[in-house]
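Next up, run_11.pdb (PDB, C-alpha atoms):
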```pdb
ATOM      1  CA  MET A   1     153.607  28.848 298.209
ATOM      2  CA  THR A   2     154.366  25.293 297.154
ATOM      3  CA  SER A   3     157.932  25.548 298.403
ATOM      4  CA  ASP A   4     156.571  26.244 301.870
ATOM      5  CA  THR A   5     154.330  23.216 301.936
ATOM      6  CA  PRO A   6     156.014  20.220 303.487
ATOM      7  CA  LYS A   7     155.329  17.382 301.080
ATOM      8  CA  GLU A   8     156.432  14.853 303.558
ATOM      9  CA  THR A   9     157.001  15.861 307.130
ATOM     10  CA  PRO A  10     160.140  14.187 308.421
ATOM     11  CA  PRO A  11     159.650  12.340 311.668
ATOM     12  CA  ASN A  12     160.124  14.532 314.687
ATOM     13  CA  LEU A  13     162.929  12.713 316.294
ATOM     14  CA  ARG A  14     162.997  13.802 319.848
ATOM     15  CA  PHE A  15     165.894  13.085 322.128
ATOM     16  CA  PRO A  16     166.451  10.601 323.638
ATOM     17  CA  GLU A  17     164.593   8.460 321.132
ATOM     18  CA  SER A  18     167.093   9.051 318.356
ATOM     19  CA  GLY A  19     170.829   9.134 317.925
ATOM     20  CA  GLU A  20     170.541  10.144 314.289
ATOM     21  CA  PHE A  21     171.702  13.719 314.689
ATOM     22  CA  PRO A  22     173.829  15.528 317.268
ATOM     23  CA  THR A  23     172.092  17.019 320.296
ATOM     24  CA  GLY A  24     175.095  18.455 322.121
ATOM     25  CA  PRO A  25     175.852  18.225 325.846
ATOM     26  CA  GLU A  26     174.322  15.185 327.467
ATOM     27  CA  VAL A  27     171.954  14.969 330.390
ATOM     28  CA  GLY A  28     174.043  15.144 333.561
ATOM     29  CA  GLU A  29     176.823  17.184 331.954
ATOM     30  CA  LEU A  30     177.468  20.839 332.686
ATOM     31  CA  LEU A  31     176.055  23.050 329.970
ATOM     32  CA  PRO A  32     179.157  24.904 328.704
ATOM     33  CA  ASP A  33     179.110  28.564 329.679
ATOM     34  CA  PHE A  34     178.869  31.279 327.044
ATOM     35  CA  THR A  35     178.699  35.046 326.744
ATOM     36  CA  LEU A  36     176.637  36.503 323.906
ATOM     37  CA  LEU A  37     175.081  39.872 323.084
ATOM     38  CA  ASP A  38     171.365  40.239 323.763
ATOM     39  CA  GLN A  39     168.744  42.213 321.827
ATOM     40  CA  HIS A  40     169.955  45.413 323.520
ATOM     41  CA  GLY A  41     173.548  44.761 322.472
ATOM     42  CA  ALA A  42     174.572  44.034 326.059
ATOM     43  CA  PRO A  43     176.765  41.029 326.821
ATOM     44  CA  VAL A  44     174.978  38.303 328.754
ATOM     45  CA  ASN A  45     177.021  35.690 330.556
ATOM     46  CA  PHE A  46     174.944  32.558 330.997
ATOM     47  CA  ALA A  47     176.326  31.551 334.404
ATOM     48  CA  GLY A  48     176.012  35.100 335.763
ATOM     49  CA  ALA A  49     172.532  35.732 334.410
ATOM     50  CA  ARG A  50     171.304  32.326 335.544
ATOM     51  CA  ASP A  51     172.413  33.122 339.088
ATOM     52  CA  ARG A  52     172.148  29.488 340.278
ATOM     53  CA  LYS A  53     168.552  29.225 339.191
ATOM     54  CA  ARG A  54     167.149  26.629 336.821
ATOM     55  CA  ALA A  55     167.203  27.629 333.184
ATOM     56  CA  LEU A  56     165.622  26.891 329.847
ATOM     57  CA  VAL A  57     168.032  27.378 326.943
ATOM     58  CA  VAL A  58     166.316  27.350 323.571
ATOM     59  CA  PHE A  59     168.235  27.114 320.308
ATOM     60  CA  HIS A  60     166.101  28.142 317.366
ATOM     61  CA  ARG A  61     166.552  28.853 313.705
ATOM     62  CA  SER A  62     166.075  32.599 313.304
ATOM     63  CA  ALA A  63     163.975  35.480 314.519
ATOM     64  CA  ARG A  64     163.935  36.787 310.958
ATOM     65  CA  TRP A  65     162.208  33.927 309.122
TER      66      TRP A  65
ATOM     67  CA  MET B   1     155.946  34.783 321.452
ATOM     68  CA  GLN B   2     154.675  31.664 323.125
ATOM     69  CA  LEU B   3     157.554  31.722 325.579
ATOM     70  CA  GLN B   4     156.831  35.368 326.322
ATOM     71  CA  GLN B   5     153.168  34.569 326.968
ATOM     72  CA  ASN B   6     154.225  31.929 329.485
ATOM     73  CA  LEU B   7     157.199  33.783 330.917
ATOM     74  CA  GLU B   8     155.473  34.475 334.232
ATOM     75  CA  THR B   9     154.954  30.762 334.794
ATOM     76  CA  PHE B  10     158.648  30.089 334.153
ATOM     77  CA  THR B  11     159.662  32.964 336.422
ATOM     78  CA  ALA B  12     157.315  31.851 339.190
ATOM     79  CA  ALA B  13     158.869  28.377 339.016
ATOM     80  CA  GLY B  14     162.362  29.902 339.347
ATOM     81  CA  ILE B  15     163.356  29.175 335.749
ATOM     82  CA  LYS B  16     165.326  31.688 333.673
ATOM     83  CA  VAL B  17     164.696  31.643 329.928
ATOM     84  CA  PHE B  18     167.363  32.200 327.258
ATOM     85  CA  ALA B  19     166.896  31.974 323.485
ATOM     86  CA  ILE B  20     169.813  31.671 321.077
ATOM     87  CA  SER B  21     169.855  32.056 317.307
ATOM     88  CA  TYR B  22     172.388  33.044 314.650
ATOM     89  CA  ASP B  23     170.749  36.447 314.099
ATOM     90  CA  PRO B  24     172.702  39.685 314.454
ATOM     91  CA  VAL B  25     171.725  42.007 317.327
ATOM     92  CA  ASP B  26     169.731  44.419 315.137
ATOM     93  CA  VAL B  27     167.451  41.620 313.921
ATOM     94  CA  LEU B  28     166.892  40.499 317.506
ATOM     95  CA  ALA B  29     166.238  44.077 318.611
ATOM     96  CA  LYS B  30     163.563  44.519 315.973
ATOM     97  CA  PHE B  31     161.986  41.195 316.794
ATOM     98  CA  ALA B  32     161.994  41.877 320.537
ATOM     99  CA  GLU B  33     160.383  45.256 320.009
ATOM    100  CA  GLU B  34     157.761  43.953 317.614
ATOM    101  CA  PHE B  35     156.660  41.118 319.887
ATOM    102  CA  GLY B  36     157.439  42.594 323.300
ATOM    103  CA  ILE B  37     160.085  40.011 324.208
ATOM    104  CA  THR B  38     161.596  40.687 327.626
ATOM    105  CA  PHE B  39     163.774  37.587 328.128
ATOM    106  CA  PRO B  40     167.273  37.532 326.558
ATOM    107  CA  LEU B  41     167.403  36.864 322.822
ATOM    108  CA  LEU B  42     171.064  36.079 322.320
ATOM    109  CA  SER B  43     173.015  36.594 319.131
ATOM    110  CA  ASP B  44     175.246  33.674 318.192
ATOM    111  CA  GLU B  45     176.266  35.338 314.951
ATOM    112  CA  GLY B  46     178.767  33.051 313.272
ATOM    113  CA  SER B  47     177.295  30.143 315.243
ATOM    114  CA  ALA B  48     180.304  29.777 317.568
ATOM    115  CA  VAL B  49     178.269  28.494 320.517
ATOM    116  CA  MET B  50     176.263  26.136 318.294
ATOM    117  CA  ARG B  51     179.540  24.745 316.913
ATOM    118  CA  GLN B  52     180.977  24.446 320.420
ATOM    119  CA  TYR B  53     177.905  22.492 321.497
ATOM    120  CA  GLY B  54     178.042  20.467 318.281
ATOM    121  CA  ILE B  55     174.455  21.219 317.318
ATOM    122  CA  MET B  56     174.928  23.257 314.151
ATOM    123  CA  ASN B  57     172.938  21.686 311.353
ATOM    124  CA  THR B  58     175.688  20.388 309.076
ATOM    125  CA  MET B  59     173.138  19.207 306.511
ATOM    126  CA  VAL B  60     172.927  22.878 305.478
ATOM    127  CA  ARG B  61     175.789  23.777 303.145
ATOM    128  CA  PRO B  62     177.727  27.084 303.304
ATOM    129  CA  GLU B  63     176.346  28.186 299.900
ATOM    130  CA  GLU B  64     172.827  28.134 301.365
ATOM    131  CA  THR B  65     173.678  31.505 302.851
ATOM    132  CA  ASP B  66     170.354  32.339 304.469
ATOM    133  CA  TYR B  67     170.231  29.032 306.276
ATOM    134  CA  TYR B  68     173.879  28.251 306.948
ATOM    135  CA  GLY B  69     174.602  28.284 310.648
ATOM    136  CA  ILE B  70     171.190  27.235 311.939
ATOM    137  CA  PRO B  71     171.135  24.741 314.798
ATOM    138  CA  TYR B  72     169.052  21.649 315.168
ATOM    139  CA  PRO B  73     166.169  23.222 317.057
ATOM    140  CA  GLY B  74     166.220  22.169 320.638
ATOM    141  CA  THR B  75     166.024  22.980 324.260
ATOM    142  CA  TYR B  76     168.132  22.266 327.296
ATOM    143  CA  ALA B  77     166.731  22.268 330.788
ATOM    144  CA  VAL B  78     169.457  23.195 333.246
ATOM    145  CA  GLY B  79     169.339  22.541 336.982
ATOM    146  CA  GLU B  80     170.482  24.852 339.748
ATOM    147  CA  ASP B  81     173.924  23.169 339.608
ATOM    148  CA  GLY B  82     174.303  24.080 335.924
ATOM    149  CA  ARG B  83     173.954  20.524 334.676
ATOM    150  CA  VAL B  84     171.622  19.455 331.884
ATOM    151  CA  THR B  85     168.585  17.798 333.470
ATOM    152  CA  GLU B  86     166.618  17.185 330.267
ATOM    153  CA  LYS B  87     166.887  17.996 326.624
ATOM    154  CA  SER B  88     164.602  17.878 323.667
ATOM    155  CA  PHE B  89     165.802  18.235 320.096
ATOM    156  CA  PHE B  90     164.200  17.959 316.709
ATOM    157  CA  ARG B  91     165.787  17.118 313.397
ATOM    158  CA  TYR B  92     163.489  19.263 311.309
ATOM    159  CA  TYR B  93     164.363  22.941 311.576
ATOM    160  CA  ARG B  94     160.784  24.194 311.634
ATOM    161  CA  VAL B  95     159.544  22.219 314.592
ATOM    162  CA  ARG B  96     159.176  23.946 317.924
ATOM    163  CA  PRO B  97     157.779  22.443 321.083
ATOM    164  CA  SER B  98     155.095  24.478 322.805
ATOM    165  CA  ALA B  99     156.026  26.465 325.909
ATOM    166  CA  GLN B 100     153.549  24.521 328.006
ATOM    167  CA  SER B 101     154.957  21.183 326.954
ATOM    168  CA  MET B 102     158.448  22.356 327.889
ATOM    169  CA  LEU B 103     157.257  23.341 331.354
ATOM    170  CA  LYS B 104     155.731  19.951 331.881
ATOM    171  CA  ASP B 105     158.149  17.671 330.042
ATOM    172  CA  LEU B 106     161.407  19.380 330.991
ATOM    173  CA  PHE B 107     160.694  20.861 334.406
ATOM    174  CA  ASP B 108     157.671  18.958 335.681
ATOM    175  CA  VAL B 109     155.866  22.253 336.199
ATOM    176  CA  GLU B 110     152.124  21.997 335.867
ATOM    177  CA  PHE B 111     150.575  24.812 333.909
ATOM    178  CA  ASP B 112     147.135  26.280 333.835
ATOM    179  CA  THR B 113     145.153  24.803 330.973
ATOM    180  CA  GLY B 114     142.076  26.857 331.819
ATOM    181  CA  GLY B 115     140.910  28.398 328.567
ATOM    182  CA  ASP B 116     142.666  25.798 326.412
ATOM    183  CA  PRO B 117     140.502  23.568 324.205
ATOM    184  CA  TYR B 118     138.935  20.943 326.479
ATOM    185  CA  VAL B 119     136.328  18.219 326.237
ATOM    186  CA  GLU B 120     135.120  15.532 328.627
ATOM    187  CA  ALA B 121     132.647  12.693 328.837
ATOM    188  CA  ALA B 122     131.480  10.167 331.385
ATOM    189  CA  GLY B 123     132.529   6.570 330.760
ATOM    190  CA  GLU B 124     132.023   3.327 332.615
ATOM    191  CA  GLY B 125     133.683   3.805 335.997
ATOM    192  CA  ALA B 126     135.671   6.783 334.775
ATOM    193  CA  ARG B 127     135.588  10.311 333.508
ATOM    194  CA  VAL B 128     137.422  10.770 330.209
ATOM    195  CA  SER B 129     138.734  14.138 329.071
ATOM    196  CA  ALA B 130     141.149  15.681 326.610
ATOM    197  CA  VAL B 131     142.899  19.019 326.773
ATOM    198  CA  LEU B 132     145.326  20.613 324.352
ATOM    199  CA  ALA B 133     148.413  22.029 326.057
ATOM    200  CA  SER B 134     148.086  25.260 324.148
ATOM    201  CA  ASP B 135     145.336  27.713 323.249
ATOM    202  CA  GLY B 136     145.544  26.637 319.618
ATOM    203  CA  LEU B 137     147.584  24.891 316.964
ATOM    204  CA  VAL B 138     150.299  26.833 315.173
ATOM    205  CA  PHE B 139     152.005  25.785 311.957
ATOM    206  CA  MET B 140     154.745  23.277 312.809
ATOM    207  CA  GLN B 141     154.391  23.696 316.524
ATOM    208  CA  ARG B 142     154.304  20.415 318.372
ATOM    209  CA  ASP B 143     151.559  20.542 320.973
ATOM    210  CA  PRO B 144     150.712  17.710 323.318
ATOM    211  CA  LEU B 145     147.108  16.654 323.680
ATOM    212  CA  TYR B 146     146.598  15.200 327.151
ATOM    213  CA  VAL B 147     143.943  12.526 327.339
ATOM    214  CA  ARG B 148     142.956  11.761 330.924
ATOM    215  CA  ILE B 149     141.041   8.801 332.262
ATOM    216  CA  ALA B 150     140.036   9.616 335.823
ATOM    217  CA  LEU B 151     139.057   6.266 337.320
ATOM    218  CA  ASN B 152     136.672   5.841 340.202
ATOM    219  CA  PRO B 153     138.393   4.659 343.411
ATOM    220  CA  GLY B 154     139.188   0.955 343.465
ATOM    221  CA  LEU B 155     139.169   0.592 339.684
ATOM    222  CA  HIS B 156     142.045  -0.067 337.340
ATOM    223  CA  ILE B 157     142.578  -0.365 333.594
ATOM    224  CA  TYR B 158     145.173  -2.347 331.666
ATOM    225  CA  ARG B 159     148.323  -1.196 329.979
ATOM    226  CA  ALA B 160     149.609  -2.948 326.829
ATOM    227  CA  PRO B 161     150.837  -5.611 326.391
ATOM    228  CA  VAL B 162     148.068  -7.680 327.957
ATOM    229  CA  PRO B 163     147.338 -11.416 327.934
ATOM    230  CA  ASP B 164     144.535 -12.769 325.753
ATOM    231  CA  GLY B 165     141.110 -11.786 326.976
ATOM    232  CA  PHE B 166     142.174  -8.488 328.535
ATOM    233  CA  ILE B 167     141.580  -5.105 326.914
ATOM    234  CA  ALA B 168     144.608  -2.819 326.776
ATOM    235  CA  THR B 169     143.888   0.884 327.148
ATOM    236  CA  GLU B 170     144.185   2.536 323.778
ATOM    237  CA  VAL B 171     143.924   6.171 322.710
ATOM    238  CA  THR B 172     143.464   7.080 319.065
ATOM    239  CA  VAL B 173     143.492  10.626 317.711
ATOM    240  CA  THR B 174     142.527  11.400 314.139
ATOM    241  CA  GLY B 175     142.081  14.634 312.246
ATOM    242  CA  PRO B 176     142.514  16.125 308.784
ATOM    243  CA  ASP B 177     145.326  14.890 306.513
ATOM    244  CA  LEU B 178     147.547  17.835 307.436
ATOM    245  CA  LEU B 179     147.525  16.855 311.079
ATOM    246  CA  VAL B 180     150.524  14.791 312.203
ATOM    247  CA  VAL B 181     149.686  12.583 315.152
ATOM    248  CA  GLU B 182     152.541  10.900 316.986
ATOM    249  CA  GLN B 183     152.357   7.684 318.977
ATOM    250  CA  PRO B 184     150.562   8.077 322.303
ATOM    251  CA  VAL B 185     152.782   7.925 325.369
ATOM    252  CA  TYR B 186     151.205   5.816 328.104
ATOM    253  CA  PRO B 187     152.329   6.180 331.714
ATOM    254  CA  GLU B 188     154.085   3.330 333.470
ATOM    255  CA  GLY B 189     151.751   0.994 335.284
ATOM    256  CA  HIS B 190     151.866  -1.112 338.424
ATOM    257  CA  PRO B 191     152.722  -4.794 338.163
ATOM    258  CA  PHE B 192     149.602  -6.942 338.300
ATOM    259  CA  ARG B 193     149.060 -10.642 338.660
ATOM    260  CA  VAL B 194     145.975 -12.733 338.002
ATOM    261  CA  ALA B 195     145.389 -16.312 339.122
ATOM    262  CA  GLY B 196     145.795 -18.680 336.201
ATOM    263  CA  ILE B 197     148.065 -16.365 334.172
ATOM    264  CA  PRO B 198     151.747 -17.167 334.591
ATOM    265  CA  HIS B 199     153.271 -13.733 333.953
ATOM    266  CA  GLU B 200     152.758 -10.277 335.387
ATOM    267  CA  PHE B 201     151.334  -7.433 333.381
ATOM    268  CA  GLU B 202     150.599  -3.796 334.168
ATOM    269  CA  VAL B 203     147.585  -1.862 335.375
ATOM    270  CA  LEU B 204     146.914   1.853 335.664
ATOM    271  CA  ASP B 205     144.732   3.484 338.280
ATOM    272  CA  GLY B 206     143.827   6.873 339.710
ATOM    273  CA  SER B 207     144.051   9.634 337.132
ATOM    274  CA  VAL B 208     145.736   8.196 334.053
ATOM    275  CA  GLU B 209     147.241  10.746 331.689
ATOM    276  CA  ILE B 210     148.179   9.768 328.133
ATOM    277  CA  GLU B 211     150.143  12.255 326.041
ATOM    278  CA  VAL B 212     149.556  12.432 322.301
ATOM    279  CA  PRO B 213     151.789  14.975 320.542
ATOM    280  CA  ILE B 214     150.119  16.553 317.532
ATOM    281  CA  GLN B 215     151.303  19.051 314.972
ATOM    282  CA  TRP B 216     149.545  21.093 312.300
ATOM    283  CA  THR B 217     151.436  21.215 308.989
ATOM    284  CA  GLN B 218     149.394  23.601 306.859
ATOM    285  CA  PRO B 219     151.209  26.917 306.318
ATOM    286  CA  ASP B 220     149.148  29.778 307.702
ATOM    287  CA  ASN B 221     149.397  31.616 304.396
ATOM    288  CA  ALA B 222     147.919  28.737 302.393
ATOM    289  CA  PRO B 223     144.946  29.951 300.329
ATOM    290  CA  ASP B 224     142.563  27.485 301.957
ATOM    291  CA  SER B 225     144.056  27.695 305.421
ATOM    292  CA  ALA B 226     141.905  26.179 308.120
ATOM    293  CA  THR B 227     140.802  28.153 311.165
ATOM    294  CA  ILE B 228     139.509  25.132 313.081
ATOM    295  CA  VAL B 229     140.989  21.647 313.209
ATOM    296  CA  PRO B 230     138.479  18.985 314.269
ATOM    297  CA  LEU B 231     139.990  16.204 316.383
ATOM    298  CA  GLU B 232     138.309  12.861 316.910
ATOM    299  CA  ILE B 233     139.579  11.182 320.039
ATOM    300  CA  THR B 234     138.634   7.649 320.946
ATOM    301  CA  VAL B 235     139.561   6.008 324.208
ATOM    302  CA  ARG B 236     139.103   2.265 324.585
ATOM    303  CA  TYR B 237     139.484   0.710 328.000
ATOM    304  CA  GLN B 238     138.085  -1.830 330.373
ATOM    305  CA  ALA B 239     137.732  -0.835 334.004
ATOM    306  CA  CYS B 240     137.970  -3.571 336.627
ATOM    307  CA  ASP B 241     138.096  -3.833 340.386
ATOM    308  CA  ALA B 242     139.534  -6.686 342.432
ATOM    309  CA  GLN B 243     136.520  -8.923 341.771
ATOM    310  CA  GLN B 244     135.010  -8.067 338.435
ATOM    311  CA  CYS B 245     135.236  -6.035 335.247
ATOM    312  CA  PHE B 246     132.880  -3.636 333.584
ATOM    313  CA  ILE B 247     132.230  -4.293 329.920
ATOM    314  CA  PRO B 248     134.889  -2.743 327.634
ATOM    315  CA  ARG B 249     133.980   0.782 326.621
ATOM    316  CA  THR B 250     134.937   3.071 323.787
ATOM    317  CA  VAL B 251     134.481   6.739 324.629
ATOM    318  CA  SER B 252     134.520   9.152 321.707
ATOM    319  CA  LEU B 253     135.378  12.803 322.165
ATOM    320  CA  HIS B 254     135.229  15.569 319.600
ATOM    321  CA  LEU B 255     137.431  18.624 320.062
ATOM    322  CA  ASP B 256     137.549  21.611 317.732
ATOM    323  CA  VAL B 257     140.913  23.305 318.036
ATOM    324  CA  PRO B 258     141.560  26.795 316.678
ATOM    325  CA  VAL B 259     144.522  27.418 314.402
ATOM    326  CA  GLY B 260     146.701  30.352 315.419
ATOM    327  CA  ARG B 261     148.884  32.559 313.279
ATOM    328  CA  LEU B 262     152.568  32.073 313.050
ATOM    329  CA  TYR B 263     154.337  35.370 313.584
ATOM    330  CA  ARG B 264     156.883  35.501 310.828
ATOM    331  CA  ALA B 265     158.637  38.054 308.715
ATOM    332  CA  THR B 266     159.306  37.575 305.005
ATOM    333  CA  PRO B 267     160.980  34.220 304.362
ATOM    334  CA  PRO B 268     164.438  34.249 302.795
ATOM    335  CA  SER B 269     164.756  34.067 299.038
ATOM    336  CA  THR B 270     166.564  30.765 298.701
ATOM    337  CA  PRO B 271     164.505  27.579 298.974
ATOM    338  CA  PRO B 272     164.624  25.867 302.345
ATOM    339  CA  PRO B 273     166.828  22.836 302.845
ATOM    340  CA  THR B 274     164.920  19.611 302.992
ATOM    341  CA  ARG B 275     165.956  18.964 306.555
TER     342      ARG B 275
END
```
Starting from the file, lay out its structure as structure tokens.
Amino acid sequence: MTSDTPKETPPNLRFPESGEFPTGPEVGELLPDFTLLDQHGAPVNFAGARDRKRALVVFHRSARW
Amino acid sequence: MQLQQNLETFTAAGIKVFAISYDPVDVLAKFAEEFGITFPLLSDEGSAVMRQYGIMNTMVRPEETDYYGIPYPGTYAVGEDGRVTEKSFFRYYRVRPSAQSMLKDLFDVEFDTGGDPYVEAAGEGARVSAVLASDGLVFMQRDPLYVRIALNPGLHIYRAPVPDGFIATEVTVTGPDLLVVEQPVYPEGHPFRVAGIPHEFEVLDGSVEIEVPIQWTQPDNAPDSATIVPLEITVRYQACDAQQCFIPRTVSLHLDVPVGRLYRATPPSTPPPTR
């Protein structure tokens, strides 16, 4: 599993310490609304499902790998 | 899985959780069933939302078919008004912040660390402790270690930079080679002035919490994979009151942290991009 072993771990640049890669909507901006299908195949509208509550929106690589 | 384990804490704090990836619905369905995920796993197949947000990882080329369309991994905290209140992104696609650190860093929600690896010791004028914000380390998961110096009433310690002759509070965490330790984050102090020194500097008092993010980089399927990661934590400080100072102390703590398993299906056939 050599390909899986990070030889050199890149620095974990965490916003706001870095402007080296895009991080999307800025603090203070509205998070653009979206409608996507969930794991049951049902459409989920962010604004509707959030229902004026606080929210955590996590973008991640894949559930498959 | 970690989000699911902490979902009740998010819900109790009035925070809805959404996860977005480029996976088709059937992959998400299988994943949700396998790991009992009850919050929405949303399918951004084709990466339209990631493109709209401008967070698709453009370092990955279209011919890298298994990887094309992944985002920079990151998290937005959204307030009741729908505006972004905090965000936290990483360049490297594997890195994930722990659920507990998101609660604390993004929403200021304290979480229960009972049961998490913890150690404490008595120091001069203070009680020094360290707790991992997770029940264990997981491959490429970034977990904060919180080092706390609980000072006796009336005492303070110094925050760098300090004038000559003063001891700045310093936390050092070391471990095996495969442990990545980031720079400690010290809280902001109060301005402090001493007769005979022309400029102000900062002191800390009360319960001082220093965050040290750590990350374990050994794949869980490595032949010699560790089950315990020993952490050596040293805390150097000098406690003073208005009249006098105790002698500088170095408190050493040892914390054995378990390594958890990363839940993961078979990796794709093509080699991963370097970033």
Can you pull out the residues contacting Tyr237 (chain B)? Cut-off 7 Å, using all atoms listed in the file, and skip same-chain residues under 2 positions away; I want them as a PDB file with C-alpha atoms, in the coordinates of the input.
```
ATOM      1  CA  ILE B 157     142.578  -0.365 333.594  1.00  0.00           C
ATOM      2  CA  ILE B 167     141.580  -5.105 326.914  1.00  0.00           C
ATOM      3  CA  ALA B 168     144.608  -2.819 326.776  1.00  0.00           C
ATOM      4  CA  THR B 169     143.888   0.884 327.148  1.00  0.00           C
ATOM      5  CA  GLU B 170     144.185   2.536 323.778  1.00  0.00           C
ATOM      6  CA  VAL B 235     139.561   6.008 324.208  1.00  0.00           C
ATOM      7  CA  ALA B 239     137.732  -0.835 334.004  1.00  0.00           C
ATOM      8  CA  PRO B 248     134.889  -2.743 327.634  1.00  0.00           C
ATOM      9  CA  ARG B 249     133.980   0.782 326.621  1.00  0.00           C
ATOM     10  CA  THR B 250     134.937   3.071 323.787  1.00  0.00           C
TER      11      THR B 250
END
```
**Report entry** Test item: residues at most 8 Å from Arg54 (chain A), only C-alpha atoms, excluding those fewer than 2 positions along its chain, as an NGL selection string
**Finding:** (:A and (50 or 52 or 56)) or (:B and (14-16 or 77-80 or 82))
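With all atoms listed in the file as the basis for measurement, A:His60 is the residue among A:Gln39, A:His60, A:Asp33, A:Phe46 that approaches Ser47 (chain B) most closely.
Coordinates place CA of Asp256 (chain B) at a distance of 17.4 Å from CA of Val171 (chain B).
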Computed gap from CA of Tyr72 (chain B) to CA of Thr58 (chain B) is 9.1 Å
Q: List, as a PyMOL selection string, every residue that the PyMOL selection byres ((chain A and resi 29) around 12) selects in the file provided.
A: (chain A and resi 24-28+30-33) or (chain B and resi 53+76-79+81-87)
C-alpha atoms of the current selection, written as an mmCIF file, keeping the file's coordinate frame:
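As written to disk, result_27.cif reads:
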```
data_model
loop_
_atom_site.group_PDB
_atom_site.id
_atom_site.type_symbol
_atom_site.label_atom_id
_atom_site.label_comp_id
_atom_site.auth_asym_id
_atom_site.auth_seq_id
_atom_site.Cartn_x
_atom_site.Cartn_y
_atom_site.Cartn_z
ATOM 1 C CA GLY A 24 175.095 18.455 322.121
ATOM 2 C CA PRO A 25 175.852 18.225 325.846
ATOM 3 C CA GLU A 26 174.322 15.185 327.467
ATOM 4 C CA VAL A 27 171.954 14.969 330.390
ATOM 5 C CA GLY A 28 174.043 15.144 333.561
ATOM 6 C CA LEU A 30 177.468 20.839 332.686
ATOM 7 C CA LEU A 31 176.055 23.050 329.970
ATOM 8 C CA PRO A 32 179.157 24.904 328.704
ATOM 9 C CA ASP A 33 179.110 28.564 329.679
ATOM 10 C CA TYR B 53 177.905 22.492 321.497
ATOM 11 C CA TYR B 76 168.132 22.266 327.296
ATOM 12 C CA ALA B 77 166.731 22.268 330.788
ATOM 13 C CA VAL B 78 169.457 23.195 333.246
ATOM 14 C CA GLY B 79 169.339 22.541 336.982
ATOM 15 C CA ASP B 81 173.924 23.169 339.608
ATOM 16 C CA GLY B 82 174.303 24.080 335.924
ATOM 17 C CA ARG B 83 173.954 20.524 334.676
ATOM 18 C CA VAL B 84 171.622 19.455 331.884
ATOM 19 C CA THR B 85 168.585 17.798 333.470
ATOM 20 C CA GLU B 86 166.618 17.185 330.267
ATOM 21 C CA LYS B 87 166.887 17.996 326.624
#
```
